[in-house]
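Novice: For reference, the file run_16.txt (compact mmCIF, C-alpha atoms) is included below:
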# COMPACT_ATOMS: atom_id res chain seq x y z
CA ALA B 2 -3.09 62.16 159.97
CA ASP B 3 -0.07 60.26 158.66
CA SER B 4 -2.15 58.35 156.20
CA LEU B 5 -3.78 61.56 154.98
CA ALA B 6 -0.35 63.13 154.47
CA ASP B 7 0.87 60.09 152.58
CA ALA B 8 -2.19 60.19 150.37
CA ALA B 9 -1.67 63.87 149.64
CA MET B 10 1.94 63.26 148.65
CA MET B 11 0.89 60.47 146.30
CA LYS B 12 -1.70 62.72 144.65
CA CYS B 13 0.68 65.73 144.33
CA PRO B 14 3.96 64.56 142.77
CA ALA B 15 7.04 66.69 143.34
CA ALA B 16 7.91 69.27 140.62
CA PRO B 17 10.83 68.24 138.42
CA VAL B 18 14.18 69.96 139.09
CA VAL B 19 15.42 71.90 136.04
CA ASP B 20 19.09 72.94 135.88
CA GLU B 21 19.35 76.49 134.58
CA PRO B 22 22.32 77.02 132.21
CA VAL B 23 25.09 79.25 133.52
CA VAL B 24 26.15 81.86 130.97
CA VAL B 25 29.93 82.12 130.88
CA PRO B 26 31.27 85.11 128.94
CA ALA B 27 33.63 84.20 126.14
CA PRO B 28 37.26 85.10 126.81
CA PRO B 29 38.65 88.03 124.82
CA PRO B 30 40.67 87.18 121.71
CA PRO B 31 44.40 86.65 122.46
CA ALA B 32 45.45 89.47 120.14
CA GLN B 33 43.18 92.02 121.82
CA LEU B 34 44.24 90.82 125.27
CA GLU B 35 47.91 91.07 124.34
CA LYS B 36 47.38 94.59 122.99
CA ALA B 37 45.66 95.65 126.22
CA GLU B 38 48.47 94.15 128.29
CA ARG B 39 51.07 96.00 126.23
CA ALA B 40 49.19 99.28 126.69
CA LEU B 41 48.94 98.66 130.42
CA ALA B 42 52.65 97.87 130.65
CA ALA B 43 53.52 101.02 128.69
CA ALA B 44 51.34 103.17 130.93
CA THR B 45 52.86 101.61 134.06
CA ALA B 46 56.38 102.20 132.79
CA LYS B 47 55.50 105.81 131.93
CA ILE B 48 54.14 106.34 135.45
CA ALA B 49 57.33 104.94 137.00
CA ALA B 50 59.54 107.11 134.79
CA VAL B 51 57.58 110.28 135.55
CA GLU B 52 57.53 109.56 139.28
CA ALA B 53 61.30 109.06 139.24
CA SER B 54 61.72 112.28 137.26
CA ASN B 55 59.31 114.02 139.61
CA ALA B 56 61.29 112.92 142.66
CA GLU B 57 64.50 114.16 141.06
CA LEU B 58 63.02 117.48 139.93
CA LYS B 59 61.46 118.13 143.32
CA LYS B 60 64.96 118.43 144.73
CA HIS B 61 65.69 121.27 142.30
CA ALA B 62 62.23 122.84 141.88
CA SER B 63 62.52 126.56 142.59
CA SER B 64 58.86 127.59 142.74
CA ASP B 65 55.43 126.42 143.84
CA ASP B 66 54.21 126.62 140.23
CA GLU B 67 56.78 124.03 139.14
CA ARG B 68 55.78 121.69 141.97
CA ARG B 69 52.08 122.05 141.10
CA ARG B 70 52.82 121.34 137.42
CA LEU B 71 54.68 118.16 138.31
CA ARG B 72 51.93 116.97 140.64
CA ALA B 73 49.28 117.61 137.95
CA LEU B 74 51.34 115.61 135.45
CA VAL B 75 51.53 112.64 137.80
CA VAL B 76 47.76 112.84 138.44
CA ASP B 77 47.01 112.82 134.71
CA LEU B 78 49.26 109.82 134.11
CA ARG B 79 47.69 107.92 137.00
CA ARG B 80 44.27 108.60 135.45
CA GLU B 81 45.47 107.19 132.12
CA LEU B 82 46.78 104.10 133.90
CA GLU B 83 43.46 103.57 135.67
CA GLN B 84 41.59 103.91 132.38
CA ALA B 85 43.89 101.36 130.76
CA ARG B 86 43.25 98.92 133.59
CA ASN B 87 39.47 99.31 133.42
CA ALA B 88 39.12 99.37 129.63
CA PRO B 89 37.45 96.24 128.16
CA PRO B 90 39.99 94.21 126.20
CA SER B 91 37.58 93.57 123.29
CA THR B 92 33.97 93.92 122.19
CA ALA B 93 34.24 91.52 119.25
CA GLY B 94 32.71 88.57 121.17
CA SER B 95 29.52 90.48 122.19
CA GLY B 96 28.49 91.86 118.82
CA GLY B 97 30.24 95.24 119.23
CA ALA B 98 32.19 96.79 116.39
CA VAL B 99 35.94 96.97 116.70
CA PRO B 100 37.48 100.00 114.92
CA PRO B 101 40.13 99.14 112.35
CA ALA B 102 43.71 99.47 113.60
CA GLY B 103 45.14 100.47 110.24
CA PRO B 104 45.05 99.69 106.55
CA PRO B 105 43.57 96.31 105.61
CA SER B 106 45.98 93.43 105.83
CA PRO B 107 46.92 91.67 102.59
CA ARG B 108 46.00 88.08 101.94
CA LYS B 109 48.32 85.43 103.32
CA ASP B 110 49.50 84.56 99.84
CA GLU B 111 50.24 88.22 99.03
CA ALA B 112 53.21 90.16 100.42
CA PRO B 113 52.63 93.83 101.41
CA SER B 114 53.89 96.39 98.95
CA LEU B 115 56.94 98.49 99.73
CA GLU B 116 54.76 101.61 99.85
CA THR B 117 52.51 100.01 102.48
CA LEU B 118 55.44 98.89 104.62
CA GLU B 119 57.12 102.29 104.43
CA ALA B 120 53.84 103.96 105.50
CA ARG B 121 53.60 101.59 108.48
CA LEU B 122 57.24 102.28 109.33
CA ARG B 123 56.62 106.03 109.32
CA ASP B 124 53.58 105.54 111.55
CA ALA B 125 55.60 103.39 113.99
CA THR B 126 58.35 106.02 114.02
CA ALA B 127 55.84 108.74 114.88
CA ARG B 128 54.37 106.61 117.69
CA CYS B 129 57.84 105.89 119.06
CA LEU B 130 58.79 109.58 119.05
CA ALA B 131 55.50 110.31 120.84
CA GLY B 132 56.54 108.02 123.70
CA ASP B 133 54.79 104.77 122.76
CA GLU B 134 57.21 102.11 123.99
CA THR B 135 55.23 99.36 122.24
CA ALA B 136 56.27 100.87 118.89
CA GLU B 137 59.90 99.78 119.29
CA ALA B 138 59.12 96.17 118.35
CA ASP B 139 57.18 97.40 115.30
CA LEU B 140 60.13 99.57 114.25
CA ASP B 141 62.51 96.63 114.39
CA HIS B 142 60.16 94.27 112.55
CA LEU B 143 59.10 96.74 109.86
CA GLY B 144 62.66 97.95 109.34
CA LYS B 145 63.79 94.44 108.47
CA LEU B 146 60.84 93.92 106.13
CA VAL B 147 61.55 97.17 104.30
CA ALA B 148 65.29 96.49 104.02
CA ASN B 149 64.74 93.00 102.57
CA HIS B 150 61.79 93.85 100.32
CA PRO B 151 62.37 92.99 96.63
CA GLU B 152 61.02 96.37 95.53
CA ARG B 153 63.50 98.12 97.85
CA LYS B 154 66.42 96.13 96.49
CA ALA B 155 65.37 96.81 92.90
CA ARG B 156 65.06 100.52 93.65
CA GLU B 157 68.50 100.63 95.28
CA LYS B 158 69.97 98.84 92.28
CA ARG B 159 68.46 101.41 89.92
CA GLU B 160 69.75 104.26 92.06
CA ARG B 161 73.23 102.70 92.18
CA GLU B 162 73.33 102.24 88.41
CA ALA B 163 72.18 105.83 87.85
CA TRP B 164 74.83 107.12 90.26
CA GLU B 165 77.57 105.12 88.56
CA ALA B 166 76.51 106.36 85.13
CA ALA B 167 76.66 109.97 86.37
CA GLU B 168 79.99 109.55 88.20
CA ARG B 169 81.87 107.47 85.63
CA PRO B 170 83.02 110.44 83.48
CA ARG B 171 84.16 112.35 86.59
CA CYS B 172 86.07 109.32 87.86
CA ALA B 173 87.81 108.86 84.51
CA ALA B 174 88.88 112.52 84.50
CA ALA B 175 90.11 112.29 88.12
CA LEU B 176 92.12 109.14 87.25
CA ARG B 177 93.86 110.93 84.37
CA ARG B 178 94.75 113.90 86.60
CA GLN B 179 96.12 111.69 89.39
CA ARG B 180 98.23 109.59 87.01
CA ARG B 181 99.88 112.74 85.68
CA VAL B 182 101.46 113.32 89.13
CA THR B 183 102.02 109.65 90.06
CA PRO B 184 105.17 108.06 88.56
CA PRO B 185 104.47 104.68 86.89
CA TRP B 186 107.34 102.95 88.71
CA LEU B 187 105.38 103.17 91.99
CA ALA B 188 103.54 100.05 90.80
CA THR B 189 106.75 97.98 91.04
CA ARG B 190 108.87 99.50 93.83
CA GLY B 191 108.90 101.96 96.67
CA THR B 192 110.17 105.51 96.70
CA GLY B 193 110.98 108.47 98.90
CA PRO B 194 110.19 112.21 98.96
CA ALA B 195 113.58 113.11 97.49
CA GLU B 196 113.15 110.79 94.52
CA LEU B 197 109.64 112.14 93.90
CA GLU B 198 110.99 115.69 93.94
CA ASP B 199 113.72 114.68 91.49
CA ALA B 200 110.92 113.38 89.24
CA GLY B 201 109.59 116.94 89.07
CA LEU B 202 106.93 117.01 91.79
CA PRO B 203 106.69 120.05 94.11
CA PRO B 204 107.82 119.25 97.68
CA PRO B 205 104.28 119.43 99.21
CA LEU B 206 102.88 117.12 96.51
CA ALA B 207 105.87 114.76 96.82
CA ALA B 208 105.38 114.57 100.60
CA ARG B 209 101.64 113.86 100.23
CA LEU B 210 102.15 111.21 97.56
CA PHE B 211 104.77 109.49 99.71
CA LYS B 212 102.52 109.55 102.81
CA GLU B 213 99.25 108.49 101.18
CA ARG B 214 100.06 105.05 99.79
CA ALA B 215 96.42 104.67 98.66
CA LEU B 216 97.27 107.07 95.80
CA TRP B 217 99.76 104.56 94.43
CA LEU B 218 96.82 102.31 93.47
CA VAL B 219 96.19 104.46 90.39
CA ARG B 220 99.29 102.79 88.88
CA TYR B 221 98.33 99.26 89.97
CA PRO B 222 96.59 96.93 87.50
CA GLU B 223 93.03 96.13 88.56
CA ALA B 224 93.84 92.40 88.73
CA ARG B 225 96.62 93.12 91.24
CA ILE B 226 94.32 95.20 93.43
CA ARG B 227 91.77 92.38 93.50
CA LYS B 228 94.46 89.99 94.80
CA MET B 229 95.64 92.27 97.62
CA ALA B 230 95.08 91.04 101.16
CA VAL B 231 92.29 92.64 103.15
CA ALA B 232 94.77 93.58 105.90
CA ASP B 233 96.92 95.50 103.38
CA LEU B 234 93.89 97.35 102.02
CA ARG B 235 92.75 98.31 105.53
CA ARG B 236 96.12 99.95 106.19
CA LEU B 237 95.36 102.42 103.39
CA ASP B 238 93.49 105.22 105.17
CA LEU B 239 91.02 106.42 102.55
CA GLY B 240 89.54 108.89 105.01
CA ARG B 241 92.44 111.28 104.42
CA LEU B 242 91.82 111.51 100.64
CA ASP B 243 89.79 114.31 99.07
CA ALA B 244 86.87 113.79 96.67
CA SER B 245 89.01 114.07 93.54
CA GLU B 246 91.51 111.52 94.84
CA LEU B 247 88.74 109.12 95.82
CA ARG B 248 87.20 109.35 92.36
CA ALA B 249 90.51 108.29 90.79
CA ARG B 250 89.74 104.60 91.45
CA GLY B 251 85.97 104.39 91.05
CA PRO B 252 83.15 103.80 90.63
What's the structure tokens form of this structure?
Specialist:
Amino acid sequence: ADSLADAAMMKCPAAPVVDEPVVVPAPPPPAQLEKAERALAAATAKIAAVEASNAELKKHASSDDERRRLRALVVDLRRELEQARNAPPSTAGSGGAVPPAGPPSPRKDEAPSLETLEARLRDATARCLAGDETAEADLDHLGKLVANHPERKAREKREREAWEAAERPRCAAALRRQRRVTPPWLATRGTGPAELEDAGLPPPLAARLFKERALWLVRYPEARIRKMAVADLRRLDLGRLDASELRARGP
């Protein structure tokens, strides 16, 4: 019997062992995974905030309708959190189509236009006002890009030049009016209300001119003003001057 078994084994060789490949799903892209994590964190934070608000409002809720409304709100937010946890981070690795997140990105060697950045900034502002906590980082980043954009700086320069051209005649007229009531010797020495009244100024105007030393600058040469110490200029409270008095030294 043993010899027959040995003969059978020699005639029937064992089948070769084939290792079947194990299919390992590709990990989601880091950007998609990070986006999903941010959404999950935002939903978790929203749940915590609403639960804290719910606990506080329950102390002061005056009706069953208010309590039911608060409980329904918490249930809805928990459902959103569960959906965020179970949502697939990406379908790009399995042939699925990923919807575009916004306007197409420019090439690496091409900076976005100011119009594009301002549109993205408005979109981030709307998302932030809607409660999307992930939009705060976009607001900070896009705000810096817009503020430092060459097109923005060129536009601000044009606006400044246009404003100065429109205000220059008004400032020249205000300077002439202020010099008519400001004695020229204020550029070289001090004074008092009595001396200003003796110079022909009405008492209220003499008192104001004596108090507001910033008005004396209309008699100072421009070169002297440029050499004044910053501490001395800060002591001149320009916030108490009216529009006509402020125009007397600018733009």
Novice: Can you measure atom CA of B:Ala215 to atom CA of B:Ala166 for me? One decimal in Å is fine.
Specialist: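 Going from atom CA of B:Ala215 over to atom CA of B:Ala166, I get 24.1 Å.
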Novice: Select, from B:Arg250, B:Arg177, B:Lys154, B:Arg235, the residue with the minimum atom-to-atom distance to B:Pro222, counting only C-alpha atoms.
Specialist: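 Distance minimum relative to B:Pro222 lands on B:Arg250.
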Novice: Applying 10 Å and all atoms listed in the file, which residues near B:Arg236 remain after dropping the ones on its own chain fewer than 3 positions away? List them as a PDB file with C-alpha atoms, keeping the file's coordinate frame.
Specialist:
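Saved as result.pdb:
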ATOM      1  CA  ARG B 214     100.060 105.050  99.790  1.00  0.00           C
ATOM      2  CA  ALA B 215      96.420 104.670  98.660  1.00  0.00           C
ATOM      3  CA  VAL B 231      92.290  92.640 103.150  1.00  0.00           C
ATOM      4  CA  ALA B 232      94.770  93.580 105.900  1.00  0.00           C
ATOM      5  CA  ASP B 233      96.920  95.500 103.380  1.00  0.00           C
ATOM      6  CA  LEU B 239      91.020 106.420 102.550  1.00  0.00           C
TER       7      LEU B 239
END
Novice: Determine, counting all atoms listed in the file, which protein, DNA and RNA residues have an atom within 10 Å of an atom of B:Ala208; residues of the same chain fewer than 3 positions away are not included. Present the result as a ChimeraX atom specification.
Specialist: /B:193-195,197-198,202-205,211-213
Novice: Could you check which of B:Trp217, B:Glu35, B:Asp243, B:Ala173 is closest to B:Thr192, using only C-alpha atoms?
Specialist: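 Distance minimum relative to B:Thr192 lands on B:Trp217.
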Novice: Of the candidates B:Arg225, B:Arg39, B:Arg121, B:Arg169, which shows the shortest atom-to-atom distance to B:Asp141, using all atoms listed in the file?
Specialist: B:Arg121
Novice: Between atom CA of B:Arg220 and atom CA of B:Pro170, measure the distance and give it in Å to one decimal.
Specialist: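 Interatomic distance here is 18.8 Å.
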Novice: Identify which of the residues B:Ala188, B:Ala136, B:Ala244, B:Leu130 lies closest to B:Val219, counting only C-alpha atoms when measuring atom-to-atom distances.
Specialist: B:Ala188
Novice: Mind listing whatever residues come within 12 Å of the point (54.8, 97.8, 94.7)? Use only C-alpha atoms, file coordinates, and give them as a ChimeraX atom specification.
Specialist: /B:111-119,147,150-156
Novice: Just how far from atom CA of B:Leu146 is atom CA of B:Cys129, in Å to one decimal?
Specialist: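 Pair atom CA of B:Cys129 / atom CA of B:Leu146 returns 17.9 Å.
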Novice: Pick from B:Ala148, B:Ala43, B:Ala207, B:Leu234: nearest to B:Glu134, with all atoms listed in the file counted?
Specialist: B:Ala43
Novice: List as a compact mmCIF listing (two decimals) with C-alpha atoms, in the frame of the given file the residues having at least one atom at most 9 Å from position (109.0, 109.5, 84.7) as given in the file, counting only C-alpha atoms.
Specialist:
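Okay, part.txt is ready:
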# COMPACT_ATOMS: atom_id res chain seq x y z
CA THR B 183 102.02 109.65 90.06
CA PRO B 184 105.17 108.06 88.56
CA PRO B 185 104.47 104.68 86.89
CA TRP B 186 107.34 102.95 88.71
CA ALA B 200 110.92 113.38 89.24
CA GLY B 201 109.59 116.94 89.07
Novice: Restricting the calculation to only C-alpha atoms, which member of B:Ala138, B:Arg181, B:Leu143, B:Glu162 is positioned closest to B:Arg123?
Specialist: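 So, comparing all the options, the nearest one is B:Leu143.
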Novice: Could I see stretch 129-149 of chain B restored to N, CA, C and O atoms, set down as a CSV table (one decimal), in the coordinates of the input?
Specialist:
chain,number,residue,atom,x,y,z
B,129,CYS,N,56.7,106.0,118.2
B,129,CYS,CA,57.8,105.9,119.1
B,129,CYS,C,58.3,107.3,119.5
B,129,CYS,O,58.7,107.4,120.7
B,130,LEU,N,58.4,108.2,118.7
B,130,LEU,CA,58.8,109.6,119.0
B,130,LEU,C,57.8,110.2,120.0
B,130,LEU,O,58.2,111.1,120.8
B,131,ALA,N,56.5,109.8,119.9
B,131,ALA,CA,55.5,110.3,120.8
B,131,ALA,C,55.5,109.6,122.2
B,131,ALA,O,54.8,110.0,123.1
B,132,GLY,N,56.4,108.7,122.4
B,132,GLY,CA,56.5,108.0,123.7
B,132,GLY,C,55.9,106.7,123.8
B,132,GLY,O,55.9,106.1,124.9
B,133,ASP,N,55.4,106.1,122.7
B,133,ASP,CA,54.8,104.8,122.8
B,133,ASP,C,55.9,103.7,122.7
B,133,ASP,O,56.5,103.5,121.7
B,134,GLU,N,56.1,103.1,123.9
B,134,GLU,CA,57.2,102.1,124.0
B,134,GLU,C,56.9,100.8,123.2
B,134,GLU,O,57.8,100.1,122.9
B,135,THR,N,55.6,100.6,123.0
B,135,THR,CA,55.2,99.4,122.2
B,135,THR,C,55.6,99.5,120.8
B,135,THR,O,55.6,98.5,120.0
B,136,ALA,N,55.9,100.7,120.3
B,136,ALA,CA,56.3,100.9,118.9
B,136,ALA,C,57.7,100.4,118.6
B,136,ALA,O,58.0,100.3,117.4
B,137,GLU,N,58.5,100.2,119.6
B,137,GLU,CA,59.9,99.8,119.3
B,137,GLU,C,60.0,98.4,118.6
B,137,GLU,O,60.8,98.2,117.7
B,138,ALA,N,59.1,97.5,119.0
B,138,ALA,CA,59.1,96.2,118.4
B,138,ALA,C,58.6,96.3,116.9
B,138,ALA,O,59.2,95.6,116.0
B,139,ASP,N,57.6,97.2,116.7
B,139,ASP,CA,57.2,97.4,115.3
B,139,ASP,C,58.3,98.0,114.4
B,139,ASP,O,58.4,97.7,113.3
B,140,LEU,N,59.0,98.9,115.0
B,140,LEU,CA,60.1,99.6,114.2
B,140,LEU,C,61.1,98.5,113.8
B,140,LEU,O,61.6,98.5,112.7
B,141,ASP,N,61.5,97.6,114.7
B,141,ASP,CA,62.5,96.6,114.4
B,141,ASP,C,62.0,95.7,113.3
B,141,ASP,O,62.7,95.4,112.3
B,142,HIS,N,60.7,95.2,113.5
B,142,HIS,CA,60.2,94.3,112.6
B,142,HIS,C,60.0,94.9,111.2
B,142,HIS,O,60.4,94.3,110.1
B,143,LEU,N,59.4,96.1,111.1
B,143,LEU,CA,59.1,96.7,109.9
B,143,LEU,C,60.4,97.2,109.2
B,143,LEU,O,60.5,97.2,107.9
B,144,GLY,N,61.4,97.6,109.9
B,144,GLY,CA,62.7,98.0,109.3
B,144,GLY,C,63.3,96.8,108.6
B,144,GLY,O,63.9,97.0,107.5
B,145,LYS,N,63.2,95.6,109.2
B,145,LYS,CA,63.8,94.4,108.5
B,145,LYS,C,63.0,94.1,107.2
B,145,LYS,O,63.6,93.7,106.2
B,146,LEU,N,61.7,94.2,107.3
B,146,LEU,CA,60.8,93.9,106.1
B,146,LEU,C,61.1,94.9,105.0
B,146,LEU,O,61.2,94.5,103.8
B,147,VAL,N,61.3,96.2,105.3
B,147,VAL,CA,61.6,97.2,104.3
B,147,VAL,C,62.9,97.0,103.7
B,147,VAL,O,63.1,97.0,102.5
B,148,ALA,N,63.9,96.7,104.5
B,148,ALA,CA,65.3,96.5,104.0
B,148,ALA,C,65.4,95.3,103.1
B,148,ALA,O,66.2,95.3,102.1
B,149,ASN,N,64.6,94.2,103.4
B,149,ASN,CA,64.7,93.0,102.6
B,149,ASN,C,63.7,92.9,101.5
B,149,ASN,O,63.6,91.8,100.8
